[in-house]
Amino acid sequence: MQLPIESLNLQMLNVGLAYHNGDWNWQGVSSPFTRIYCVTKGEARLHIGSESILLRPGHLYMIPAYTLHSYECKGEFEHYYLHVYEGFKNETNVLEMYKFPMEVEALESDHNLMEQMVAAHPEARLPESDPQAYDNASMFTGYVKRYNTLPLWEKMRLRGAILLLFSRFLEKATPRVWTTDERLTKVLAHVHSHLHEEISIETLAEMACVTKPYLIRVFKHEFGIPPLQYINKKKIERAQLLLITEDWTVKEVAWRLGFVDHSYFIRLFKKLIGTTPMDYRRTLDVER
């Protein structure tokens, strides 16, 4: 599968160098942006599900967006961090198209690149290590606005640096084969390119040239959940990103994701995320 470079709409939220000494132990972290770490000193552990990954010097690490994870740090630990997200597009997120390794060996040029990014953008550093110590949503909206006002040459330089670091993981990535059923491939493509609209199961069934009950049955068999549940999951994931990168009202976020009834959007968000959109915007957990 060839991925056109212009479809990689990666944008920076934060970059910085963090120092810890047994105080990097956040639990149950999940955010709508991707993290890249370059470890320079000490060790820590990353826990994702049943997997435990040792974070060590000389390596790069990537944690995809929406991945629930925890950290364990018992001593000195120093690392560069980079938070990136894919700009709001009506197409499949590149991170869903590939299975990425979480660890790759770092080159000296990777370390130098992170160092240069930190030196060039001190304003993008997170001010605190404690994710409860500041208003994350307004902070991230501010980061996005600052990025958008950068001169073109600086955006190009940043984008190039991000792509270079991202390429280190893409080199070892493998394409995801979601399904071999061409009808379902077409359905998935339609869902991802129309998250900003109301999507009916009837329309998807017509597109696949099958009946609605058959589509629901075969979709659930292939992906483990019914199509409506999948659509709602993807819309709410996109909502999580919009809530921290845009200063739109909750009602406008709902409208931009094809929800006619914003009260239903709020109920669905709370059901899937465990909190209301406003509370999510106020209390999003972020660590360095």
# chains A, B, ... in the order shown; residues from 1 in each chain; ligands from 1

$ residues_around --residues "Ser50 in chain A" --least-positions-apart "6" --cutoff "12 Å" --atoms "only C-alpha atoms" --output "PyMOL selection string"
chain A and resi 68-70

$ select_by_dssp --residues "range 72-260 of chain A" --states "strand (DSSP E or B)" --output "list of chain:residue names"
A:Glu72, A:Glu76, A:Phe77, A:Glu78, A:His79, A:Tyr80, A:Tyr81, A:Leu82, A:His83, A:Val84, A:Tyr85, A:Glu86, A:Tyr98, A:Lys99, A:Glu103, A:Val104, A:Glu105, A:Thr174, A:Pro175

$ closest_residue --among "A:Tyr230, A:Trp255, A:Tyr264, A:Phe166" --to "Gln11 in chain A" --atoms "only C-alpha atoms"
A:Phe166

$ residues_around --residues "Tyr81 in chain A" --least-positions-apart "3" --cutoff "8 Å" --atoms "only C-alpha atoms" --output "ChimeraX atom specification"
/A:14-18,35-38,288

$ write_last_selection --atoms "N, CA and C atoms" --output "short mmCIF file (atom, residue, chain, number, x, y, z; two decimals), in the first residue's frame"
data_model
loop_
_atom_site.label_atom_id
_atom_site.label_comp_id
_atom_site.auth_asym_id
_atom_site.auth_seq_id
_atom_site.Cartn_x
_atom_site.Cartn_y
_atom_site.Cartn_z
N ASN A 14 3.27 19.69 21.03
CA ASN A 14 4.28 19.97 22.05
C ASN A 14 5.61 19.33 21.69
N VAL A 15 6.68 19.94 22.17
CA VAL A 15 7.99 19.34 22.10
C VAL A 15 8.79 19.88 23.27
N GLY A 16 9.60 19.02 23.89
CA GLY A 16 10.38 19.46 25.05
C GLY A 16 11.30 18.37 25.55
N LEU A 17 12.09 18.73 26.55
CA LEU A 17 12.99 17.78 27.22
C LEU A 17 12.54 17.69 28.67
N ALA A 18 12.24 16.48 29.13
CA ALA A 18 11.71 16.28 30.48
C ALA A 18 12.71 15.54 31.35
N ARG A 35 2.33 10.27 20.65
CA ARG A 35 3.54 10.66 21.37
C ARG A 35 4.77 9.97 20.76
N ILE A 36 5.85 10.72 20.61
CA ILE A 36 7.14 10.16 20.22
C ILE A 36 8.14 10.56 21.29
N TYR A 37 8.87 9.58 21.84
CA TYR A 37 9.87 9.82 22.88
C TYR A 37 11.24 9.43 22.36
N CYS A 38 12.25 10.21 22.77
CA CYS A 38 13.64 9.86 22.53
C CYS A 38 14.32 9.86 23.90
N ARG A 288 4.42 14.60 30.31
CA ARG A 288 5.59 14.83 29.44
C ARG A 288 6.35 13.53 29.24
#

$ closest_residue --among "A:Gly28, A:Gly224, A:Gly258, A:Pro57" --to "Leu195 in chain A" --atoms "only C-alpha atoms"
A:Gly258

$ select_by_dssp --residues "range 27-153 of chain A" --states "helix (DSSP H, G or I)" --output "number ranges by chain"
A: 94-97, 108-120, 122-124, 136-148, 152-153

$ atom_distance --atom1 "CA of His20 in chain A" --atom2 "CA of Tyr85 in chain A"
24.9 Å

$ residues_around --residues "Leu242 in chain A" --least-positions-apart "5" --cutoff "12 Å" --atoms "only C-alpha atoms" --output "count of residues only"
31

$ atom_distance --atom1 "CA of Thr34 in chain A" --atom2 "CA of Leu82 in chain A"
8.2 Å

$ closest_residue --among "A:Thr283, A:Met97, A:Asn112, A:Leu170" --to "Ala189 in chain A" --atoms "only C-alpha atoms"
A:Met97

$ residues_around --residues "Gly22 in chain A" --least-positions-apart "3" --cutoff "12 Å" --atoms "only C-alpha atoms" --output "ChimeraX atom specification"
/A:19,25-26,42-45,71-78

$ closest_residue --among "A:His221, A:His262, A:Arg146, A:Arg159" --to "Asp181 in chain A" --atoms "only C-alpha atoms"
A:His221

$ closest_residue --among "A:Ser52, A:Val39, A:Arg157, A:Ile63" --to "Glu105 in chain A" --atoms "only C-alpha atoms"
A:Val39

$ closest_residue --among "A:Thr67, A:Thr180, A:Gln27, A:Val187" --to "Ile201 in chain A" --atoms "only C-alpha atoms"
A:Val187
